[in-house]
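Undergrad: Sharing coords_36.csv here; it has CSV, C-alpha atoms.
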chain,number,residue,atom,x,y,z
A,8,MET,CA,-48.9,-16.0,-4.7
A,9,SER,CA,-51.6,-15.7,-2.0
A,10,ILE,CA,-53.4,-12.3,-1.6
A,11,LYS,CA,-52.0,-12.2,2.0
A,12,LEU,CA,-48.4,-12.5,0.8
A,13,ARG,CA,-49.0,-9.8,-1.9
A,14,VAL,CA,-50.4,-7.3,0.6
A,15,LEU,CA,-47.5,-8.1,3.0
A,16,LEU,CA,-45.0,-7.5,0.2
A,17,ILE,CA,-46.6,-4.3,-0.9
A,18,ILE,CA,-46.6,-3.0,2.7
A,19,PHE,CA,-43.0,-4.2,3.2
A,20,SER,CA,-41.7,-2.4,0.1
A,21,LEU,CA,-43.5,0.8,0.9
A,22,VAL,CA,-42.0,0.8,4.4
A,23,PHE,CA,-38.6,0.0,2.8
A,24,PHE,CA,-38.9,3.0,0.5
A,25,ALA,CA,-39.8,5.3,3.4
A,26,VAL,CA,-36.8,4.0,5.4
A,27,VAL,CA,-34.4,4.6,2.5
A,28,ALA,CA,-35.8,8.0,1.7
A,29,ARG,CA,-35.5,9.0,5.4
A,30,LEU,CA,-31.9,7.9,5.5
A,31,VAL,CA,-31.1,9.9,2.4
A,32,ARG,CA,-32.9,13.0,3.8
A,33,HIS,CA,-31.0,12.8,7.1
A,34,GLY,CA,-27.7,12.5,5.2
A,35,ARG,CA,-27.0,9.0,6.6
A,36,LEU,CA,-27.1,7.4,3.1
A,37,GLN,CA,-25.7,9.0,0.0
A,38,LEU,CA,-28.2,9.3,-2.9
A,39,LYS,CA,-26.1,7.4,-5.3
A,40,TYR,CA,-26.0,4.4,-2.9
A,41,SER,CA,-29.8,4.6,-2.4
A,42,LEU,CA,-30.5,3.9,-6.0
A,43,LEU,CA,-29.6,0.2,-5.8
A,44,TRP,CA,-31.8,-0.2,-2.7
A,45,LEU,CA,-34.7,1.6,-4.3
A,46,ALA,CA,-34.4,-0.6,-7.4
A,47,ILE,CA,-34.6,-3.7,-5.1
A,48,GLY,CA,-37.6,-2.3,-3.3
A,49,LEU,CA,-39.2,-1.6,-6.7
A,50,ALA,CA,-38.6,-5.2,-7.8
A,51,PHE,CA,-40.4,-6.4,-4.6
A,52,LEU,CA,-43.3,-4.0,-5.3
A,53,LEU,CA,-43.7,-5.0,-8.9
A,54,SER,CA,-43.7,-8.7,-8.2
A,55,ALA,CA,-46.4,-8.2,-5.6
A,56,ILE,CA,-48.6,-6.1,-7.9
A,57,PHE,CA,-48.0,-8.3,-11.0
A,58,PRO,CA,-47.4,-11.9,-9.7
A,59,GLY,CA,-47.6,-13.1,-13.3
A,60,SER,CA,-44.2,-11.5,-13.9
A,61,VAL,CA,-42.6,-13.9,-11.4
A,62,THR,CA,-44.2,-16.8,-13.1
A,63,PHE,CA,-43.0,-15.6,-16.5
A,64,LEU,CA,-39.4,-15.0,-15.3
A,65,LYS,CA,-39.1,-18.4,-13.6
A,66,GLY,CA,-40.3,-20.1,-16.8
A,67,LEU,CA,-37.7,-18.1,-18.7
A,68,LEU,CA,-34.9,-19.4,-16.5
A,69,GLY,CA,-36.3,-22.9,-16.4
A,70,ILE,CA,-36.9,-22.8,-12.6
A,71,GLU,CA,-40.0,-24.7,-11.5
A,72,LEU,CA,-40.9,-23.2,-8.2
A,73,ALA,CA,-41.7,-19.5,-7.9
A,74,SER,CA,-40.1,-19.5,-4.4
A,75,ASN,CA,-36.9,-20.9,-5.8
A,76,PHE,CA,-36.9,-18.1,-8.4
A,77,VAL,CA,-37.4,-15.5,-5.7
A,78,PHE,CA,-34.5,-17.0,-3.6
A,79,PHE,CA,-32.3,-17.0,-6.7
A,80,ALA,CA,-33.1,-13.4,-7.6
A,81,ALA,CA,-32.6,-12.2,-4.0
A,82,LEU,CA,-29.3,-14.0,-3.7
A,83,ALA,CA,-28.1,-12.5,-7.0
A,84,GLY,CA,-29.2,-9.0,-5.8
A,85,LEU,CA,-27.3,-9.5,-2.5
A,86,PHE,CA,-24.2,-10.6,-4.3
A,87,ALA,CA,-24.3,-7.4,-6.4
A,88,VAL,CA,-24.8,-5.3,-3.3
A,89,SER,CA,-22.0,-6.8,-1.3
A,90,LEU,CA,-19.6,-6.7,-4.3
A,91,SER,CA,-20.3,-3.1,-4.7
A,92,LEU,CA,-19.8,-2.5,-1.0
A,93,THR,CA,-16.3,-4.1,-1.1
A,94,VAL,CA,-15.5,-2.0,-4.1
A,95,ILE,CA,-16.5,1.1,-2.1
A,96,VAL,CA,-14.5,0.0,0.9
A,97,SER,CA,-11.4,-0.5,-1.3
A,98,TRP,CA,-11.7,3.0,-2.7
A,99,GLN,CA,-12.1,4.4,0.8
A,100,SER,CA,-9.1,2.5,2.2
A,101,ARG,CA,-7.0,3.7,-0.7
A,102,ASP,CA,-8.1,7.3,-0.1
A,103,ILE,CA,-7.5,7.0,3.6
A,104,ARG,CA,-4.1,5.6,3.0
A,105,MET,CA,-3.3,8.5,0.7
A,106,LEU,CA,-4.6,11.0,3.3
A,107,ILE,CA,-2.5,9.4,6.1
A,108,GLN,CA,0.6,9.7,3.9
A,109,GLN,CA,-0.1,13.3,3.0
A,110,ILE,CA,-0.5,14.2,6.7
A,111,ALA,CA,2.8,12.5,7.4
A,112,LEU,CA,4.5,14.4,4.6
A,113,LEU,CA,3.0,17.8,5.6
A,114,GLN,CA,3.9,17.2,9.2
A,115,LYS,CA,7.5,16.5,8.2
A,116,LYS,CA,7.6,19.5,6.0
A,117,LEU,CA,6.3,21.7,8.8
A,118,GLU,CA,9.0,20.3,11.2
A,119,GLN,CA,11.7,20.9,8.6
A,120,GLU,CA,10.6,24.5,8.1
A,121,GLN,CA,10.4,25.2,11.8
A,122,GLY,CA,13.8,23.7,12.2
A,123,GLU,CA,15.2,26.0,9.5
A,124,GLU,CA,13.5,29.0,11.0
A,125,GLN,CA,14.9,28.3,14.4
A,126,GLU,CA,18.4,27.9,12.9
A,127,GLN,CA,18.1,31.1,10.9
A,128,GLY,CA,16.6,32.9,14.0
A,129,ALA,CA,19.5,31.7,16.1
A,130,ARG,CA,22.0,33.1,13.5
A,131,ARG,CA,20.4,36.3,12.5
A,132,THR,CA,18.2,37.9,15.1
A,133,PRO,CA,19.7,39.2,18.3
A,134,PRO,CA,18.4,38.1,21.7
A,135,PRO,CA,14.7,38.9,22.3
A,136,SER,CA,15.5,41.6,24.9
A,137,HIS,CA,17.0,43.8,22.2
A,138,ASN,CA,14.2,43.2,19.7
A,139,ASP,CA,12.4,46.6,20.1
A,140,THR,CA,15.7,48.5,19.3
A,141,ASN,CA,16.3,46.4,16.2
A,142,PRO,CA,14.4,47.6,13.1
A,143,THR,CA,14.8,44.4,11.1
A,144,SER,CA,12.9,42.3,13.6
A,145,ASN,CA,9.7,44.2,13.0
A,146,ASN,CA,8.8,42.2,9.8
B,17,MET,CA,31.4,10.3,-13.8
B,18,ALA,CA,32.6,12.4,-11.0
B,19,ALA,CA,31.1,15.8,-11.8
B,20,ILE,CA,27.4,15.4,-10.8
B,21,ALA,CA,26.8,13.9,-7.4
B,22,VAL,CA,23.7,11.8,-7.3
B,23,LYS,CA,21.4,12.4,-4.3
B,24,VAL,CA,20.8,9.0,-2.6
B,25,LEU,CA,18.3,8.5,0.2
B,26,LEU,CA,18.0,5.4,2.3
B,27,ILE,CA,14.4,4.6,3.3
B,28,ILE,CA,14.1,2.6,6.5
B,29,PRO,CA,10.5,1.4,7.1
B,30,ALA,CA,10.1,0.6,10.8
B,31,TYR,CA,7.2,-1.0,12.6
B,32,ASN,CA,7.8,-1.8,16.2
B,33,GLU,CA,11.6,-2.0,15.8
B,34,GLU,CA,12.6,-0.4,19.1
B,35,GLU,CA,15.3,-3.1,19.6
B,36,SER,CA,17.1,-2.8,16.3
B,37,ILE,CA,16.4,0.7,14.9
B,38,LEU,CA,19.2,2.5,16.7
B,39,GLY,CA,21.8,0.0,15.5
B,40,VAL,CA,20.6,0.2,11.9
B,41,VAL,CA,20.6,4.0,11.9
B,42,ASP,CA,24.0,4.2,13.6
B,43,THR,CA,25.6,2.2,10.8
B,44,ILE,CA,23.8,4.3,8.2
B,45,ARG,CA,24.9,7.6,9.9
B,46,SER,CA,28.5,6.5,10.1
B,47,SER,CA,28.4,5.7,6.4
B,48,GLY,CA,27.3,9.3,5.6
B,49,TYR,CA,24.2,8.5,3.4
B,50,ASP,CA,21.0,10.6,3.7
B,51,TYR,CA,18.3,8.5,5.3
B,52,ILE,CA,14.7,8.7,6.5
B,53,VAL,CA,13.1,6.4,9.0
B,54,VAL,CA,9.4,5.8,8.2
B,55,ASN,CA,7.7,5.0,11.5
B,56,ASP,CA,4.7,3.0,10.4
B,57,GLY,CA,2.4,3.8,13.4
B,58,SER,CA,4.5,1.7,15.8
B,59,THR,CA,2.9,0.8,19.1
B,60,ASP,CA,6.2,0.4,20.9
B,61,LYS,CA,8.8,3.1,21.6
B,62,THR,CA,10.2,3.3,18.1
B,63,ALA,CA,9.1,6.9,17.6
B,64,GLU,CA,10.4,8.1,21.0
B,65,ILE,CA,13.7,6.4,20.7
B,66,CYS,CA,14.2,8.0,17.2
B,67,GLN,CA,13.2,11.4,18.4
B,68,GLU,CA,15.6,11.3,21.4
B,69,ALA,CA,18.4,10.2,19.2
B,70,GLY,CA,17.7,13.0,16.7
B,71,ILE,CA,17.1,10.6,13.9
B,72,ASN,CA,15.5,11.9,10.7
B,73,LEU,CA,12.0,10.6,11.2
B,74,ILE,CA,8.7,10.7,9.4
B,75,ASN,CA,5.7,9.5,11.4
B,76,LEU,CA,2.6,7.8,9.9
B,77,PRO,CA,-0.2,8.6,12.3
B,78,ARG,CA,-1.7,5.1,11.6
B,79,ASN,CA,-0.2,1.7,10.8
B,80,LEU,CA,-0.4,1.3,7.0
B,81,GLY,CA,1.6,-1.8,6.6
B,82,ILE,CA,5.0,-2.1,4.8
B,83,GLY,CA,3.5,-1.1,1.4
B,84,GLY,CA,2.2,2.2,2.7
B,85,ALA,CA,5.3,3.0,4.6
B,86,VAL,CA,7.7,2.3,1.7
B,87,GLN,CA,5.4,4.3,-0.6
B,88,LEU,CA,5.6,7.2,1.9
B,89,GLY,CA,9.4,6.9,1.7
B,90,HIS,CA,9.2,7.2,-2.1
B,91,GLN,CA,6.9,10.2,-1.8
B,92,TYR,CA,9.4,11.9,0.6
B,93,ALA,CA,12.3,11.1,-1.9
B,94,LEU,CA,10.3,12.7,-4.7
B,95,GLN,CA,9.3,15.7,-2.7
B,96,ASN,CA,13.0,16.3,-1.7
B,97,GLY,CA,14.4,15.8,-5.1
B,98,TYR,CA,16.4,12.6,-4.6
B,99,ASP,CA,17.8,10.8,-7.7
B,100,ILE,CA,17.9,7.3,-6.1
B,101,ASP,CA,16.2,5.9,-3.1
B,102,ILE,CA,17.1,2.6,-1.4
B,103,GLN,CA,14.8,0.6,0.8
B,104,VAL,CA,16.6,-0.9,3.8
B,105,ASP,CA,14.8,-2.9,6.4
B,106,GLY,CA,14.7,-1.6,10.0
B,107,ASP,CA,15.5,-4.9,11.5
B,108,GLY,CA,19.2,-5.1,10.5
B,109,GLN,CA,18.9,-7.8,7.8
B,110,HIS,CA,20.4,-5.7,5.1
B,111,ASP,CA,24.0,-4.9,4.9
B,112,ILE,CA,24.5,-1.3,3.7
B,113,SER,CA,28.0,-2.0,2.5
B,114,TYR,CA,26.2,-3.2,-0.6
B,115,VAL,CA,24.6,0.2,-1.2
B,116,PRO,CA,27.3,1.2,-3.8
B,117,GLN,CA,26.5,-1.9,-5.9
B,118,LEU,CA,22.8,-1.0,-5.9
B,119,VAL,CA,23.6,2.6,-6.8
B,120,GLN,CA,25.9,1.4,-9.6
B,121,GLY,CA,23.0,-0.7,-11.0
B,122,ILE,CA,20.9,2.4,-11.3
B,123,GLU,CA,23.7,4.4,-12.8
B,124,ASP,CA,24.2,1.6,-15.4
B,125,GLY,CA,20.7,2.4,-16.6
B,126,ALA,CA,18.3,0.2,-14.6
B,127,ASP,CA,15.2,1.8,-13.0
B,128,LEU,CA,14.8,-0.8,-10.2
B,129,VAL,CA,17.7,-2.7,-8.8
B,130,ILE,CA,17.0,-5.6,-6.4
B,131,GLY,CA,19.6,-6.8,-4.0
B,132,SER,CA,19.4,-10.6,-4.4
B,133,ARG,CA,20.6,-13.4,-2.2
B,134,PHE,CA,20.4,-16.0,-5.0
B,135,VAL,CA,22.0,-14.5,-8.1
B,136,GLU,CA,25.4,-15.7,-7.1
B,137,GLN,CA,26.2,-17.9,-4.2
B,138,THR,CA,26.8,-15.2,-1.7
B,139,GLN,CA,27.8,-15.8,1.9
B,140,GLY,CA,25.2,-15.2,4.7
B,141,PHE,CA,21.7,-15.8,5.6
B,142,THR,CA,19.5,-17.3,2.9
B,143,SER,CA,16.4,-17.9,4.9
B,144,THR,CA,14.6,-21.2,5.6
B,145,VAL,CA,13.8,-24.1,3.2
B,146,MET,CA,10.1,-23.2,3.3
B,147,ARG,CA,10.7,-19.7,2.4
B,148,ARG,CA,13.2,-20.6,-0.4
B,149,THR,CA,10.6,-22.9,-1.9
B,150,GLY,CA,8.1,-20.0,-1.8
B,151,ILE,CA,10.6,-17.7,-3.5
B,152,THR,CA,11.2,-20.3,-6.3
B,153,TRP,CA,7.5,-20.6,-6.8
B,154,LEU,CA,7.3,-16.8,-7.1
B,155,ARG,CA,10.2,-16.8,-9.5
B,156,LEU,CA,8.2,-19.2,-11.8
B,157,CYS,CA,5.0,-17.1,-11.5
B,158,ILE,CA,6.8,-13.9,-12.4
B,159,GLN,CA,8.7,-15.7,-15.2
B,160,LEU,CA,5.4,-17.0,-16.6
B,161,ILE,CA,3.6,-13.7,-16.4
B,162,SER,CA,6.3,-11.2,-17.5
B,163,GLY,CA,9.2,-13.2,-18.9
B,164,LEU,CA,11.4,-11.7,-16.3
B,165,THR,CA,13.7,-13.9,-14.2
B,166,ILE,CA,13.9,-12.5,-10.7
B,167,TYR,CA,15.7,-14.8,-8.3
B,168,ASP,CA,14.9,-13.0,-5.1
B,169,SER,CA,11.6,-11.3,-5.6
B,170,THR,CA,10.7,-10.9,-1.9
B,171,SER,CA,13.9,-9.0,-1.2
B,172,GLY,CA,13.2,-5.7,0.4
B,173,PHE,CA,16.7,-4.4,-0.2
B,174,ARG,CA,16.3,-2.5,-3.5
B,175,ALA,CA,17.1,0.7,-5.2
B,176,CYS,CA,14.8,2.9,-7.3
B,177,GLY,CA,15.9,5.4,-9.9
B,178,LYS,CA,13.8,8.6,-10.7
B,179,ARG,CA,11.3,6.8,-12.9
B,180,ALA,CA,10.6,4.1,-10.3
B,181,ILE,CA,10.4,6.6,-7.5
B,182,SER,CA,7.7,8.6,-9.3
B,183,LEU,CA,5.8,5.4,-10.3
B,184,PHE,CA,5.9,4.0,-6.7
B,185,ALA,CA,5.1,7.4,-5.1
B,186,ARG,CA,1.9,7.3,-7.2
B,187,THR,CA,1.0,3.7,-7.1
B,188,TYR,CA,2.4,1.0,-4.9
B,189,PRO,CA,0.9,-2.4,-3.8
B,190,TYR,CA,-0.6,-2.9,-0.4
B,191,ASP,CA,0.2,-5.8,1.9
B,192,TYR,CA,3.2,-7.8,0.7
B,193,PRO,CA,4.4,-5.5,-2.0
B,194,GLU,CA,7.8,-6.7,-3.0
B,195,PRO,CA,7.0,-9.3,-5.7
B,196,GLU,CA,4.0,-7.4,-7.0
B,197,SER,CA,5.9,-4.1,-7.3
B,198,ILE,CA,8.4,-5.9,-9.6
B,199,VAL,CA,5.6,-6.9,-12.0
B,200,ARG,CA,4.0,-3.4,-11.7
B,201,ALA,CA,7.3,-1.7,-12.6
B,202,HIS,CA,7.8,-4.1,-15.5
B,203,ARG,CA,4.3,-3.3,-16.7
B,204,ALA,CA,5.1,0.4,-16.6
B,205,GLY,CA,8.0,-0.2,-18.9
B,206,LEU,CA,10.8,0.2,-16.3
B,207,SER,CA,13.9,-1.9,-16.5
B,208,ILE,CA,14.7,-4.2,-13.6
B,209,LYS,CA,18.0,-5.7,-12.6
B,210,GLU,CA,19.3,-7.9,-9.8
B,211,VAL,CA,22.6,-7.6,-8.1
B,212,PRO,CA,24.1,-10.0,-5.6
B,213,VAL,CA,24.1,-9.1,-1.9
B,214,SER,CA,24.3,-11.1,1.3
B,215,MET,CA,21.9,-10.7,4.2
B,216,ARG,CA,22.1,-11.3,7.9
B,217,GLU,CA,19.5,-12.7,10.3
B,218,ARG,CA,17.4,-10.1,11.9
B,219,GLN,CA,18.8,-8.4,14.9
B,220,GLY,CA,15.6,-8.1,16.8
B,221,GLY,CA,11.8,-8.1,16.6
B,222,VAL,CA,9.7,-10.7,14.9
B,223,SER,CA,9.3,-11.3,11.1
B,224,SER,CA,6.1,-9.9,9.7
B,225,ILE,CA,5.4,-13.3,8.2
B,226,SER,CA,4.6,-16.0,10.7
B,227,PRO,CA,4.5,-19.7,9.6
B,228,LEU,CA,0.7,-19.8,9.9
B,229,LYS,CA,0.3,-16.8,7.6
B,230,SER,CA,2.8,-18.1,5.0
B,231,ILE,CA,0.3,-20.0,2.9
B,232,TYR,CA,-2.1,-17.1,2.9
B,233,TYR,CA,0.8,-15.0,1.9
B,234,MET,CA,1.8,-17.3,-1.0
B,235,VAL,CA,-1.8,-17.4,-2.4
B,236,LYS,CA,-2.2,-13.7,-2.1
B,237,VAL,CA,1.1,-12.8,-3.7
B,238,SER,CA,0.7,-15.3,-6.5
B,239,LEU,CA,-2.8,-13.9,-7.2
B,240,ALA,CA,-1.5,-10.4,-7.1
B,241,VAL,CA,1.3,-11.2,-9.5
B,242,PHE,CA,-1.0,-12.9,-12.0
B,243,ILE,CA,-3.6,-10.1,-11.9
B,244,GLU,CA,-0.9,-7.5,-12.4
B,245,GLY,CA,0.5,-9.6,-15.2
B,246,PHE,CA,-2.9,-9.9,-17.0
B,247,GLY,CA,-3.2,-6.2,-16.8
B,248,SER,CA,0.1,-5.9,-18.6
B,249,ARG,CA,-1.0,-7.9,-21.6
B,250,ASN,CA,-4.1,-5.7,-22.0
B,251,ALA,CA,-2.1,-2.6,-21.5
B,252,ARG,CA,0.3,-3.6,-24.3
B,253,ASN,CA,-2.6,-4.4,-26.6
B,254,ARG,CA,-4.3,-1.1,-26.1
Spit out the file's structure as structure tokens when you get a sec.
TA:
Amino acid sequence: MSIKLRVLLIIFSLVFFAVVARLVRHGRLQLKYSLLWLAIGLAFLLSAIFPGSVTFLKGLLGIELASNFVFFAALAGLFAVSLSLTVIVSWQSRDIRMLIQQIALLQKKLEQEQGEEQEQGARRTPPPSHNDTNPTSNN
Amino acid sequence: MAAIAVKVLLIIPAYNEEESILGVVDTIRSSGYDYIVVNDGSTDKTAEICQEAGINLINLPRNLGIGGAVQLGHQYALQNGYDIDIQVDGDGQHDISYVPQLVQGIEDGADLVIGSRFVEQTQGFTSTVMRRTGITWLRLCIQLISGLTIYDSTSGFRACGKRAISLFARTYPYDYPEPESIVRAHRAGLSIKEVPVSMRERQGGVSSISPLKSIYYMVKVSLAVFIEGFGSRNARNR
């Protein structure tokens, strides 16, 4: 790895850390989701500081070119991220569905109770003009 | 068994059924059953038409698809203490004169009773060749996975007893839920039975499954059935 590329990678990962930290602080990214991104940034940083680690790992996997190893690792990382995103989306759509159903049930219950009150009101309480003379209507 | 009257609720999921919903509900009203129309966030006048006619209606503020709408019906049945709920499509395909047979199936001890076009040769609409081929394929999938033989697994004309109501109120499949919910009920240890019914062609509106989508539908439903089924094996082992 050329010294230029290493410097570039270090700068890139530091900027990336800063962006992630900023997003978390402003509440636009939840802390638990930032961990994965920080781990990926850390991997970039470490491979720039210790280029030998990349050479070692590619040998371990039987990959000849360092660049191919980097592509492979990046692809695997992105797979993991997008899989976890679809898992999160699935949770959310399940939760949203449940909330929509709860709203519908509550609305229905409210309508039913209002309907019953009106019925009872029509049967029990006298017309509104006599209300102030009727002691039971004060409750 | 005359003493205790069972409370039966008909659930009518309706998504853009403005043409047929009044006809369906009129037949149900004249038969005297309790019913609830679940308006699944329709974009046409379904909700207005129902409100004007004083129909017992529950409105989903967003479109959830048939699974979400039917599940809401089960939740409503649970909340209001019904013993049996019966899903009836809002497009007029289902003939409610078969409701007593479905109720009888529950009273005979089944938890889920499916109104089937193929158990016996009944008169009436049995759908297209394409669709029947698909249904046969699903029957084989379900047989392979659970050992159950369900001839009409896509039938939406079905009755649930108390155990099935509380299971489905809690967990119900999403997109094309009929075959998958059978496997889910089986996995939860519920007993499932088919009774013969006949169906009519739809009175209005468009089927939710267009020809183009049918392959996607088959792949998805088969996958869903298999994944549910594998879960059942693990669940039994544990």
Undergrad: Quick one: residues within 8 Å of segment 176-193 of chain B, all atoms listed in the file, excluding same-chain residues fewer than 3 positions away - as a list in words?
TA: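 The residues that qualify are Gly81, Ile82, Gly83, Gly84, Gln87, Leu88, His90, Gln91, Ala93, Leu94, Tyr98, Asp99, Ile100, Asp101, Ile102, Ile122, Ala126, Asp127, Leu128, Val129, Glu196, Ser197, Ala201, Leu206, Tyr233 and Val237 of chain B.
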Undergrad: Write out as number ranges by chain the residues lying within 12 Å of segment 42-53 of chain A, counting only C-alpha atoms and excluding same-chain residues fewer than 4 positions away.
TA: A: 12-28, 30-31, 36-38, 57-61, 77, 80-85, 87-89, 91-92
Undergrad: Using all atoms listed in the file, pick whichever of A:Leu90, A:Leu106, A:Val96, A:Ile56 has the shortest atom-to-atom distance to chain B.
TA: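 Among A:Leu90, A:Leu106, A:Val96, A:Ile56, it is A:Leu106 that comes nearest to chain B.
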Undergrad: With all atoms listed in the file considered, list every residue of chain B at most 9 Å from chain A, as an MDAnalysis selection string.
TA: chainID B and resid 73:78 80 84:85 87:88 91:92 95
Undergrad: Provide the atom CA of Ala240 of chain B to atom CA of Ile161 of chain B distance in Å, to one decimal place.
TA: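 Value for the atom CA of Ala240 of chain B-atom CA of Ile161 of chain B distance: 11.1 Å.
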Undergrad: To one decimal place, how far is atom CA of Gly106 of chain B from atom CA of Ser36 of chain B in Å?
TA: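 Going from atom CA of Gly106 of chain B over to atom CA of Ser36 of chain B, I get 6.8 Å.
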Undergrad: If we count only C-alpha atoms, what is near segment 68-70 of chain A at a cut-off of 10 Å, once residues fewer than 6 positions away on the same chain are taken out, given as JSON, numbers by chain?
TA: {"A": [62, 76, 79]}
Undergrad: Which residues come within 8 Å of Gly89 of chain B, counting only C-alpha atoms, excluding same-chain residues fewer than 4 positions away, as a PyMOL selection string?
TA: chain B and resi 27-29+52+54+85+93
Undergrad: Suppose you want the space between atom CA of Leu117 of chain A and atom CA of Glu33 of chain B; what is it in Å?
TA: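 About the pair atom CA of Leu117 of chain A and atom CA of Glu33 of chain B: they are 25.3 Å apart.
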Undergrad: Under the rule that only C-alpha atoms are counted, which of B:Gln67, B:Thr59, B:Gln159, B:Ser169 is the nearest residue to Val135 of chain B?
TA: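 Checking each of B:Gln67, B:Thr59, B:Gln159, B:Ser169 against Val135 of chain B, counting only C-alpha atoms, the winner is B:Ser169.
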